[in-house]
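S.K.: Here it is, the structure, as structure tokens.
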Amino acid sequence: MKKPARRTGKKTSKMSKNAFEERFSYMVQEYQQAKEVLDSMDEGSSEYAKQKVHCDKLFAKAERFVNAN
């Protein structure tokens, strides 16, 4: 019987520049839309608090994406 071929570890491929820019621009656009909704709300309401948390999560997600790539 033939031994199975040895694999050379994990494939580490970086995201292409165009894919990175497209994905990041989508994240920025999503954040800006959420921020516009937040700015149109009255500060202090429960909806405002929920939208602020949503905006903060979107911002953190984009920041992690940039730092990872």
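Every chain in the structure tokens has a letter given in the order shown (A, B, ...), and although residue numbers restart at 1 in each chain, ligands are simply numbered from 1 in the order shown.
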Determine, counting only C-alpha atoms, which protein, DNA and RNA residues have an atom within 9 Å of an atom of segment 57-59 of chain A; residues of the same chain fewer than 2 positions away are not included. Present the result as a PyMOL selection string.
M.R.: chain A and resi 27-28+30-31+34+52-55+61-64
S.K.: I need the alpha helix (DSSP H) residues of segment 7-64 of chain A per DSSP on the backbone, written as a PyMOL selection string.
M.R.: chain A and resi 17-40+46-64
S.K.: I need the residue nearest Gln51 of chain A from this list: A:Val66, A:Lys17, A:Arg23, A:Lys35. Use only C-alpha atoms for the distance.
M.R.: A:Lys35
S.K.: Pick from A:Ser25, A:Asn67, A:Lys50, A:Lys3: nearest to Leu38 of chain A, with only C-alpha atoms counted?
M.R.: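 Going through A:Ser25, A:Asn67, A:Lys50, A:Lys3 one by one, the smallest distance to Leu38 of chain A is for A:Lys50.
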S.K.: Report, in Å with one decimal, the straight-line distance from atom CA of Glu43 of chain A to atom CA of Gln29 of chain A.
M.R.: 22.6 Å
S.K.: If you measure from atom CA of Phe65 of chain A to atom CA of Gln33 of chain A, what distance in Å do you get, rounded to one decimal?
M.R.: 18.6 Å
